[in-house]
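Data from run_23.tsv: TSV, C-alpha atoms
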```
chain	number	residue	atom	x	y	z
A	1	MET	CA	16.27	-15.52	6.43
A	2	PRO	CA	13.97	-14.79	9.38
A	3	LEU	CA	10.81	-12.80	8.80
A	4	GLU	CA	8.73	-10.58	11.01
A	5	ASN	CA	5.00	-9.95	10.66
A	6	GLU	CA	4.06	-6.36	11.36
A	7	HIS	CA	0.69	-7.55	12.67
A	8	ASN	CA	2.16	-9.68	15.45
A	9	CYS	CA	2.81	-8.62	19.05
A	10	ILE	CA	6.51	-7.79	18.85
A	11	ASN	CA	7.18	-4.21	19.93
A	12	ASN	CA	9.10	-1.72	17.83
A	13	ASP	CA	12.24	-1.84	19.95
A	14	ASP	CA	12.47	-5.64	19.78
A	15	LEU	CA	11.75	-5.61	16.05
A	16	LEU	CA	14.48	-3.04	15.48
A	17	GLU	CA	16.98	-5.12	17.46
A	18	ASN	CA	16.00	-8.30	15.60
A	19	THR	CA	16.34	-6.47	12.30
A	20	LYS	CA	19.88	-5.34	13.12
A	21	ILE	CA	20.88	-8.88	14.10
A	22	ASN	CA	19.40	-10.47	10.98
A	23	ILE	CA	20.94	-7.93	8.63
A	24	SER	CA	24.32	-8.61	10.22
A	25	LYS	CA	23.88	-12.40	9.90
A	26	TYR	CA	21.90	-12.77	6.67
A	27	GLY	CA	22.13	-9.45	4.87
A	28	LEU	CA	18.47	-8.53	5.26
A	29	GLN	CA	15.28	-8.71	7.30
A	30	VAL	CA	12.01	-9.70	5.62
A	31	ILE	CA	8.86	-7.96	6.86
A	32	ILE	CA	5.51	-9.63	6.13
A	33	VAL	CA	2.17	-7.79	6.33
A	34	SER	CA	-0.73	-10.22	6.10
A	35	ALA	CA	-3.77	-9.58	3.93
A	36	THR	CA	-6.97	-8.23	5.47
A	37	ASP	CA	-10.53	-8.37	4.18
A	38	TYR	CA	-9.74	-5.19	2.24
A	39	LEU	CA	-5.99	-4.83	1.74
A	40	PRO	CA	-3.63	-7.29	0.01
A	41	SER	CA	-0.68	-8.99	1.66
A	42	PHE	CA	2.80	-7.66	1.02
A	43	ALA	CA	6.40	-8.22	2.05
A	44	TYR	CA	9.52	-6.10	1.86
A	45	SER	CA	13.19	-6.21	2.68
A	46	ILE	CA	15.21	-4.15	5.10
A	47	GLY	CA	18.98	-4.04	4.79
A	48	LEU	CA	19.69	-4.37	1.09
A	49	TRP	CA	20.31	-0.65	0.84
A	50	GLN	CA	22.62	-0.64	3.86
A	51	LYS	CA	24.45	-3.88	3.13
A	52	TYR	CA	24.65	-3.90	-0.68
A	53	ASN	CA	23.83	-0.32	-1.70
A	54	HIS	CA	20.82	-1.71	-3.54
A	55	PRO	CA	17.16	-0.61	-3.43
A	56	GLU	CA	14.93	-2.51	-1.02
A	57	ILE	CA	12.41	-4.94	-2.56
A	58	ILE	CA	8.63	-5.09	-2.04
A	59	CYS	CA	6.02	-7.45	-3.48
A	60	PHE	CA	2.22	-7.70	-3.09
A	61	GLY	CA	-0.74	-9.99	-3.28
A	62	LEU	CA	0.66	-13.51	-2.83
A	63	SER	CA	0.74	-15.92	0.11
A	64	ASN	CA	2.95	-14.97	3.03
A	65	SER	CA	5.24	-17.94	2.48
A	66	LEU	CA	5.67	-17.22	-1.22
A	67	LEU	CA	6.32	-13.53	-0.57
A	68	HIS	CA	8.99	-14.47	1.95
A	69	THR	CA	10.63	-16.83	-0.52
A	70	LEU	CA	10.56	-14.29	-3.34
A	71	ILE	CA	12.19	-11.52	-1.30
A	72	ASN	CA	14.95	-13.92	-0.27
A	73	ASP	CA	15.40	-15.21	-3.83
A	74	VAL	CA	15.83	-11.67	-5.16
A	75	ALA	CA	18.23	-10.93	-2.30
A	76	GLU	CA	20.38	-13.89	-3.41
A	77	ILE	CA	20.61	-12.34	-6.88
A	78	ILE	CA	21.71	-9.04	-5.35
A	79	LYS	CA	24.28	-10.74	-3.10
A	80	LYS	CA	25.97	-12.04	-6.25
A	81	ASN	CA	26.53	-8.43	-7.33
A	82	GLU	CA	23.82	-8.70	-9.97
A	83	SER	CA	21.90	-5.45	-9.68
A	84	ILE	CA	18.19	-5.56	-10.46
A	85	THR	CA	17.21	-3.51	-13.52
A	86	GLU	CA	13.94	-1.64	-13.90
A	87	GLU	CA	11.38	-2.69	-16.53
A	88	LYS	CA	13.34	-5.76	-17.56
A	89	ASN	CA	11.69	-9.18	-17.80
A	90	TYR	CA	12.93	-11.76	-15.27
A	91	PRO	CA	11.44	-15.11	-16.37
A	92	GLU	CA	13.56	-17.09	-13.90
A	93	ILE	CA	11.95	-15.75	-10.73
A	94	PHE	CA	8.68	-17.68	-11.17
A	95	GLU	CA	8.33	-21.24	-12.46
A	96	SER	CA	5.67	-19.96	-14.85
A	97	GLY	CA	5.11	-16.32	-15.63
A	98	ARG	CA	7.29	-13.27	-15.93
A	99	ALA	CA	8.43	-10.70	-13.39
A	100	GLU	CA	9.48	-7.07	-13.67
A	101	PHE	CA	10.76	-4.50	-11.20
A	102	LEU	CA	9.39	-0.96	-10.94
A	103	LYS	CA	10.99	1.91	-9.07
A	104	VAL	CA	8.84	2.85	-6.07
A	105	HIS	CA	7.83	6.51	-6.18
A	106	PRO	CA	9.16	8.39	-3.11
A	107	ASP	CA	5.61	9.46	-2.19
A	108	ASN	CA	4.67	5.80	-1.69
A	109	ILE	CA	7.49	4.85	0.69
A	110	LEU	CA	5.73	6.06	3.84
A	111	ASP	CA	2.62	4.00	3.11
A	112	TYR	CA	4.32	0.60	3.06
A	113	PHE	CA	7.84	0.65	4.56
A	114	GLY	CA	7.12	1.52	8.20
A	115	SER	CA	9.71	-0.78	9.79
A	116	ALA	CA	12.33	0.18	7.21
A	117	ILE	CA	11.72	3.85	7.98
A	118	ASN	CA	12.23	3.13	11.68
A	119	PHE	CA	15.45	1.29	10.90
A	120	TYR	CA	16.93	3.88	8.55
A	121	GLU	CA	15.43	6.84	10.45
A	122	ARG	CA	14.57	8.41	7.10
A	123	GLU	CA	12.08	8.02	4.24
A	124	ASP	CA	14.27	8.76	1.23
A	125	PHE	CA	15.78	5.31	0.68
A	126	PRO	CA	15.24	3.65	-2.74
A	127	ALA	CA	13.02	0.63	-3.36
A	128	PHE	CA	11.91	-1.60	-6.25
A	129	GLN	CA	8.57	-3.36	-6.56
A	130	LEU	CA	8.53	-6.93	-7.85
A	131	VAL	CA	5.47	-7.24	-10.13
A	132	TRP	CA	4.06	-10.58	-11.27
A	133	THR	CA	1.84	-11.56	-14.20
A	134	ASP	CA	-1.62	-13.13	-14.16
A	135	ARG	CA	-2.50	-16.66	-15.32
A	136	ASN	CA	-2.26	-15.49	-18.92
A	137	ASP	CA	1.22	-14.04	-18.33
A	138	LYS	CA	-0.06	-10.46	-18.56
A	139	PHE	CA	1.23	-7.61	-16.43
A	140	PRO	CA	-1.31	-5.24	-14.78
A	141	TRP	CA	-0.56	-2.52	-17.34
A	142	GLU	CA	-1.08	-4.85	-20.30
A	143	GLU	CA	-4.32	-5.33	-22.19
A	144	ASN	CA	-6.61	-8.12	-20.95
A	145	PHE	CA	-4.95	-8.43	-17.55
A	146	GLU	CA	-7.30	-10.50	-15.38
A	147	GLU	CA	-9.70	-8.29	-13.42
A	148	GLU	CA	-9.57	-10.70	-10.47
A	149	PHE	CA	-6.00	-9.62	-9.74
A	150	ARG	CA	-6.39	-5.92	-10.60
A	151	TYR	CA	-6.17	-4.65	-7.03
A	152	LYS	CA	-3.91	-7.29	-5.48
A	153	GLN	CA	-0.72	-5.41	-6.35
A	154	PRO	CA	-0.87	-1.60	-6.39
A	155	LEU	CA	1.74	-0.21	-8.76
A	156	LEU	CA	4.00	1.96	-6.64
A	157	ASP	CA	5.86	3.67	-9.46
A	158	ARG	CA	2.69	5.62	-10.22
A	159	ASN	CA	-0.64	6.59	-8.66
A	160	ASN	CA	1.02	8.74	-6.00
A	161	ASN	CA	-1.70	11.35	-6.66
A	162	PHE	CA	-4.48	8.75	-6.38
A	163	LYS	CA	-3.70	6.02	-3.88
A	164	PHE	CA	-7.08	4.39	-3.45
A	165	ARG	CA	-7.43	0.81	-4.70
A	166	GLU	CA	-10.82	1.41	-6.28
A	167	PRO	CA	-11.49	2.82	-9.78
A	168	LYS	CA	-11.20	6.59	-10.09
A	169	ASN	CA	-14.87	6.83	-11.10
A	170	LEU	CA	-16.08	4.90	-8.04
A	171	THR	CA	-19.37	6.24	-6.69
A	172	THR	CA	-18.83	7.87	-3.30
A	173	PHE	CA	-21.01	9.94	-0.99
A	174	THR	CA	-20.43	13.43	0.39
A	175	THR	CA	-22.44	16.44	1.52
A	176	LYS	CA	-23.84	19.28	-0.55
A	177	GLN	CA	-21.65	21.67	1.46
A	178	TRP	CA	-18.54	20.06	-0.04
A	179	LEU	CA	-19.60	21.51	-3.39
A	180	GLU	CA	-19.68	24.93	-1.71
A	181	GLY	CA	-16.05	24.61	-0.61
A	182	LYS	CA	-16.22	23.10	2.86
A	183	SER	CA	-13.46	20.67	3.81
A	184	ILE	CA	-13.84	16.95	4.42
A	185	ILE	CA	-13.16	16.26	8.11
A	186	ARG	CA	-14.53	12.72	8.39
A	187	VAL	CA	-14.04	9.71	6.10
A	188	VAL	CA	-15.95	6.47	6.57
A	189	HIS	CA	-15.24	3.15	4.85
A	190	ASP	CA	-18.32	1.22	5.91
A	191	HIS	CA	-18.75	-2.52	6.33
A	192	ASP	CA	-20.30	-2.80	2.85
A	193	GLY	CA	-17.31	-1.12	1.21
A	194	ASP	CA	-18.96	2.25	0.55
A	195	TRP	CA	-16.90	5.42	1.04
A	196	LEU	CA	-18.40	8.50	2.74
A	197	PHE	CA	-16.55	11.82	2.74
A	198	LEU	CA	-18.23	14.17	5.20
A	199	THR	CA	-18.00	17.82	6.16
A	200	ASP	CA	-19.01	19.04	9.62
A	201	ASP	CA	-22.61	19.29	8.46
A	202	GLU	CA	-25.39	16.90	9.38
A	203	ALA	CA	-25.27	13.70	7.38
A	204	SER	CA	-28.72	12.92	6.05
A	205	ILE	CA	-30.31	11.55	2.91
A	206	GLU	CA	-31.45	15.06	1.95
A	207	ASN	CA	-27.97	16.47	2.42
A	208	THR	CA	-26.08	13.72	0.57
A	209	ILE	CA	-24.78	13.85	-3.00
A	210	ILE	CA	-22.93	11.33	-5.16
A	211	VAL	CA	-19.54	12.15	-6.69
A	212	GLY	CA	-16.72	10.22	-8.34
A	213	LEU	CA	-13.85	9.34	-6.01
A	214	GLU	CA	-11.25	11.08	-8.16
A	215	GLN	CA	-13.10	14.40	-7.95
A	216	LEU	CA	-12.67	14.41	-4.18
A	217	ILE	CA	-8.96	13.61	-4.42
A	218	ILE	CA	-8.34	16.27	-7.07
A	219	LYS	CA	-9.87	18.87	-4.78
A	220	ASP	CA	-8.13	17.63	-1.61
A	221	ASN	CA	-5.04	15.46	-2.07
A	222	THR	CA	-4.71	14.92	1.70
A	223	LEU	CA	-7.57	12.43	1.44
A	224	ASN	CA	-4.96	10.05	0.05
A	225	GLN	CA	-3.69	9.71	3.62
A	226	VAL	CA	-6.68	7.50	4.48
A	227	PHE	CA	-6.70	5.33	1.35
A	228	ASP	CA	-6.03	2.23	3.47
A	229	LEU	CA	-8.99	2.50	5.83
A	230	GLU	CA	-10.30	-1.00	6.46
A	231	TYR	CA	-13.91	-2.03	6.09
A	232	GLY	CA	-15.70	-0.70	9.14
A	233	GLU	CA	-13.11	1.97	9.91
A	234	GLU	CA	-13.30	5.76	9.89
A	235	ALA	CA	-10.93	8.69	10.23
A	236	GLU	CA	-11.57	12.18	11.58
A	237	ARG	CA	-9.69	15.45	11.81
A	238	GLU	CA	-10.48	18.94	13.06
A	239	PHE	CA	-9.52	20.84	9.92
A	240	LEU	CA	-7.82	20.51	6.52
A	241	GLY	CA	-4.18	19.56	7.11
A	242	ASP	CA	-4.80	18.23	10.61
A	243	LYS	CA	-3.71	14.71	11.59
A	244	TRP	CA	-6.27	11.98	10.92
A	245	ILE	CA	-7.46	9.99	13.95
A	246	ARG	CA	-8.66	6.49	13.06
A	247	ASN	CA	-11.39	4.56	14.86
A	248	GLU	CA	-13.80	1.71	14.31
A	249	PHE	CA	-16.95	2.89	12.57
A	250	GLU	CA	-20.18	2.43	14.47
A	251	SER	CA	-23.23	2.86	12.25
A	252	ASP	CA	-26.61	3.97	13.51
A	253	ASN	CA	-27.76	0.37	13.19
A	254	ASP	CA	-25.06	-0.97	15.53
A	255	GLU	CA	-26.28	-1.94	18.94
```
Would you give me this structure, written as C-alpha cells?
Amino acid sequence: MPLENEHNCINNDDLLENTKINISKYGLQVIIVSATDYLPSFAYSIGLWQKYNHPEIICFGLSNSLLHTLINDVAEIIKKNESITEEKNYPEIFESGRAEFLKVHPDNILDYFGSAINFYEREDFPAFQLVWTDRNDKFPWEENFEEEFRYKQPLLDRNNNFKFREPKNLTTFTTKQWLEGKSIIRVVHDHDGDWLFLTDDEASIENTIIVGLEQLIIKDNTLNQVFDLEYGEEAEREFLGDKWIRNEFESDNDE
C-alpha cells in the first residue's frame, strides 16, 4: 500500500485526498515520519478504524521500509477478520523476536497521529502500538532490556503524565524564581541536549538552579506539550496555559 512521509512537501489537502483514495483501494494509508537526530522514526495507519472497525496501528524506532512493511502486514491480519489482541505475544510478525500490541492512551493520540486526526476530524479514535523486542528478545518493560533501544519506542499505553524521552531524574536547569512559584514561559532544548526551563527572569549563572525533570512536570503538566522539541529548538509562551510558539534556538555564542 502507498505510504506518505509527513516530512515531505505534500500539502495537507493533497495528503487528505490521497489518503481517501488509498483507503478506498487498499483499505488503509501508511504514514511514515522519519527519525531526526533526537526523535525516533515511526509509522501509523489511517483507515483501519473506518474500513474494518479496528484500532489504527503505530510502530516506532525501525527503518522506514520495515515500518511500512510491518503496518501493512498487520493490516493483512486485520483484513482476514482476525482482530489484534492486547498484551498477547505475536511471534509470527518478526522472523526473530516477539511482538505485542498495547492500547494507545487517548492523551497520546494528538502527539503522533496528526494526519489521522485531520482525516477523521476527531482525536478519540482507538489505536494499538506494535512493540518489538531487543536482540535478547526482551520487551522494554522486561528486566535487562538493552539500554541502546530504551528510547527508540516510547510506550504509548502509559507515560501520558510524563512524555519526555529522557529519565525522570534527568538534570535540567531553571531559575530560582521557579521555586518561588513563577511559571515557565520559555523552554530550550539546546544543541548539546540540555533542557532549560526559564521564567521571565534574567537567565544567568547566578540565577540558575538544577532540578530533576520530573519535578518540573509534576508542578506544570503543560510542559509535556513541548516534549518533542528537537536539538537546537525552543518554545515560548506569554503565560501558563498559552499556546507554545516554537523557533530555532540561537545561543549567545551563535554568530
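Using only C-alpha atoms, the smallest distance between any of A:Leu28, A:Leu213, A:Leu16, A:Ile185 and Lys243 in chain A comes from A:Ile185.
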**Report entry** Nearby residues, (-12.1, 23.7, 3.6) file frame, 12 Å, only C-alpha atoms, as number ranges by chain
**Finding:** A: 177-185, 198-200, 219-220, 222, 237-242
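Using all atoms listed in the file, the shortest contact distance between Glu234 in chain A and any of A:Phe162, A:Phe197, A:Phe94, A:Phe125 is found at A:Phe197.
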Could I get range 28-49 of chain A rebuilt with N, CA, C and O atoms, written as a PDB file, in the coordinates of the input?
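Result went into rebuild_21.pdb, see below:
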```pdb
ATOM      1  N   LEU A  28      19.759  -9.202   5.355  1.00  0.00           N
ATOM      2  CA  LEU A  28      18.470  -8.530   5.260  1.00  0.00           C
ATOM      3  C   LEU A  28      17.515  -9.052   6.313  1.00  0.00           C
ATOM      4  O   LEU A  28      17.745 -10.096   6.927  1.00  0.00           O
ATOM      5  N   GLN A  29      16.453  -8.307   6.516  1.00  0.00           N
ATOM      6  CA  GLN A  29      15.280  -8.710   7.300  1.00  0.00           C
ATOM      7  C   GLN A  29      14.096  -8.675   6.353  1.00  0.00           C
ATOM      8  O   GLN A  29      13.958  -7.735   5.562  1.00  0.00           O
ATOM      9  N   VAL A  30      13.237  -9.690   6.425  1.00  0.00           N
ATOM     10  CA  VAL A  30      12.010  -9.700   5.620  1.00  0.00           C
ATOM     11  C   VAL A  30      10.832  -9.373   6.522  1.00  0.00           C
ATOM     12  O   VAL A  30      10.633 -10.020   7.553  1.00  0.00           O
ATOM     13  N   ILE A  31      10.066  -8.367   6.138  1.00  0.00           N
ATOM     14  CA  ILE A  31       8.860  -7.960   6.860  1.00  0.00           C
ATOM     15  C   ILE A  31       7.645  -8.450   6.073  1.00  0.00           C
ATOM     16  O   ILE A  31       7.528  -8.181   4.873  1.00  0.00           O
ATOM     17  N   ILE A  32       6.739  -9.142   6.747  1.00  0.00           N
ATOM     18  CA  ILE A  32       5.510  -9.630   6.130  1.00  0.00           C
ATOM     19  C   ILE A  32       4.326  -8.880   6.729  1.00  0.00           C
ATOM     20  O   ILE A  32       4.214  -8.766   7.954  1.00  0.00           O
ATOM     21  N   VAL A  33       3.431  -8.391   5.886  1.00  0.00           N
ATOM     22  CA  VAL A  33       2.170  -7.790   6.330  1.00  0.00           C
ATOM     23  C   VAL A  33       1.041  -8.631   5.734  1.00  0.00           C
ATOM     24  O   VAL A  33       0.880  -8.677   4.511  1.00  0.00           O
ATOM     25  N   SER A  34       0.304  -9.308   6.571  1.00  0.00           N
ATOM     26  CA  SER A  34      -0.730 -10.220   6.100  1.00  0.00           C
ATOM     27  C   SER A  34      -1.901  -9.477   5.477  1.00  0.00           C
ATOM     28  O   SER A  34      -2.190  -8.326   5.822  1.00  0.00           O
ATOM     29  N   ALA A  35      -2.587 -10.151   4.574  1.00  0.00           N
ATOM     30  CA  ALA A  35      -3.770  -9.580   3.930  1.00  0.00           C
ATOM     31  C   ALA A  35      -4.889  -9.399   4.953  1.00  0.00           C
ATOM     32  O   ALA A  35      -4.975 -10.112   5.953  1.00  0.00           O
ATOM     33  N   THR A  36      -5.748  -8.422   4.692  1.00  0.00           N
ATOM     34  CA  THR A  36      -6.970  -8.230   5.470  1.00  0.00           C
ATOM     35  C   THR A  36      -8.157  -8.453   4.536  1.00  0.00           C
ATOM     36  O   THR A  36      -7.987  -8.787   3.362  1.00  0.00           O
ATOM     37  N   ASP A  37      -9.351  -8.245   5.046  1.00  0.00           N
ATOM     38  CA  ASP A  37     -10.530  -8.370   4.180  1.00  0.00           C
ATOM     39  C   ASP A  37     -10.495  -7.348   3.046  1.00  0.00           C
ATOM     40  O   ASP A  37     -11.099  -7.563   1.996  1.00  0.00           O
ATOM     41  N   TYR A  38      -9.768  -6.252   3.242  1.00  0.00           N
ATOM     42  CA  TYR A  38      -9.740  -5.190   2.240  1.00  0.00           C
ATOM     43  C   TYR A  38      -8.397  -5.058   1.541  1.00  0.00           C
ATOM     44  O   TYR A  38      -8.332  -4.908   0.321  1.00  0.00           O
ATOM     45  N   LEU A  39      -7.311  -5.130   2.286  1.00  0.00           N
ATOM     46  CA  LEU A  39      -5.990  -4.830   1.740  1.00  0.00           C
ATOM     47  C   LEU A  39      -5.213  -6.105   1.435  1.00  0.00           C
ATOM     48  O   LEU A  39      -5.331  -7.099   2.150  1.00  0.00           O
ATOM     49  N   PRO A  40      -4.398  -6.095   0.367  1.00  0.00           N
ATOM     50  CA  PRO A  40      -3.630  -7.290   0.010  1.00  0.00           C
ATOM     51  C   PRO A  40      -2.420  -7.481   0.919  1.00  0.00           C
ATOM     52  O   PRO A  40      -1.951  -6.555   1.582  1.00  0.00           O
ATOM     53  N   SER A  41      -1.918  -8.700   0.954  1.00  0.00           N
ATOM     54  CA  SER A  41      -0.680  -8.990   1.660  1.00  0.00           C
ATOM     55  C   SER A  41       0.493  -8.334   0.937  1.00  0.00           C
ATOM     56  O   SER A  41       0.423  -8.062  -0.265  1.00  0.00           O
ATOM     57  N   PHE A  42       1.563  -8.089   1.673  1.00  0.00           N
ATOM     58  CA  PHE A  42       2.800  -7.660   1.020  1.00  0.00           C
ATOM     59  C   PHE A  42       3.988  -7.969   1.922  1.00  0.00           C
ATOM     60  O   PHE A  42       3.843  -8.216   3.123  1.00  0.00           O
ATOM     61  N   ALA A  43       5.154  -7.981   1.314  1.00  0.00           N
ATOM     62  CA  ALA A  43       6.400  -8.220   2.050  1.00  0.00           C
ATOM     63  C   ALA A  43       7.476  -7.312   1.481  1.00  0.00           C
ATOM     64  O   ALA A  43       7.444  -6.965   0.292  1.00  0.00           O
ATOM     65  N   TYR A  44       8.411  -6.925   2.339  1.00  0.00           N
ATOM     66  CA  TYR A  44       9.520  -6.100   1.860  1.00  0.00           C
ATOM     67  C   TYR A  44      10.784  -6.396   2.652  1.00  0.00           C
ATOM     68  O   TYR A  44      10.750  -6.964   3.742  1.00  0.00           O
ATOM     69  N   SER A  45      11.875  -5.999   2.064  1.00  0.00           N
ATOM     70  CA  SER A  45      13.190  -6.210   2.680  1.00  0.00           C
ATOM     71  C   SER A  45      13.609  -4.979   3.466  1.00  0.00           C
ATOM     72  O   SER A  45      13.179  -3.863   3.207  1.00  0.00           O
ATOM     73  N   ILE A  46      14.461  -5.224   4.435  1.00  0.00           N
ATOM     74  CA  ILE A  46      15.210  -4.150   5.100  1.00  0.00           C
ATOM     75  C   ILE A  46      16.676  -4.602   5.120  1.00  0.00           C
ATOM     76  O   ILE A  46      16.963  -5.730   5.509  1.00  0.00           O
ATOM     77  N   GLY A  47      17.558  -3.738   4.699  1.00  0.00           N
ATOM     78  CA  GLY A  47      18.980  -4.040   4.790  1.00  0.00           C
ATOM     79  C   GLY A  47      19.722  -4.092   3.478  1.00  0.00           C
ATOM     80  O   GLY A  47      20.947  -3.953   3.447  1.00  0.00           O
ATOM     81  N   LEU A  48      19.009  -4.297   2.383  1.00  0.00           N
ATOM     82  CA  LEU A  48      19.690  -4.370   1.090  1.00  0.00           C
ATOM     83  C   LEU A  48      20.365  -3.050   0.740  1.00  0.00           C
ATOM     84  O   LEU A  48      21.442  -3.034   0.138  1.00  0.00           O
ATOM     85  N   TRP A  49      19.728  -1.971   1.121  1.00  0.00           N
ATOM     86  CA  TRP A  49      20.310  -0.650   0.840  1.00  0.00           C
ATOM     87  C   TRP A  49      21.553  -0.439   1.702  1.00  0.00           C
ATOM     88  O   TRP A  49      22.586   0.045   1.223  1.00  0.00           O
TER      89      TRP A  49
END
```
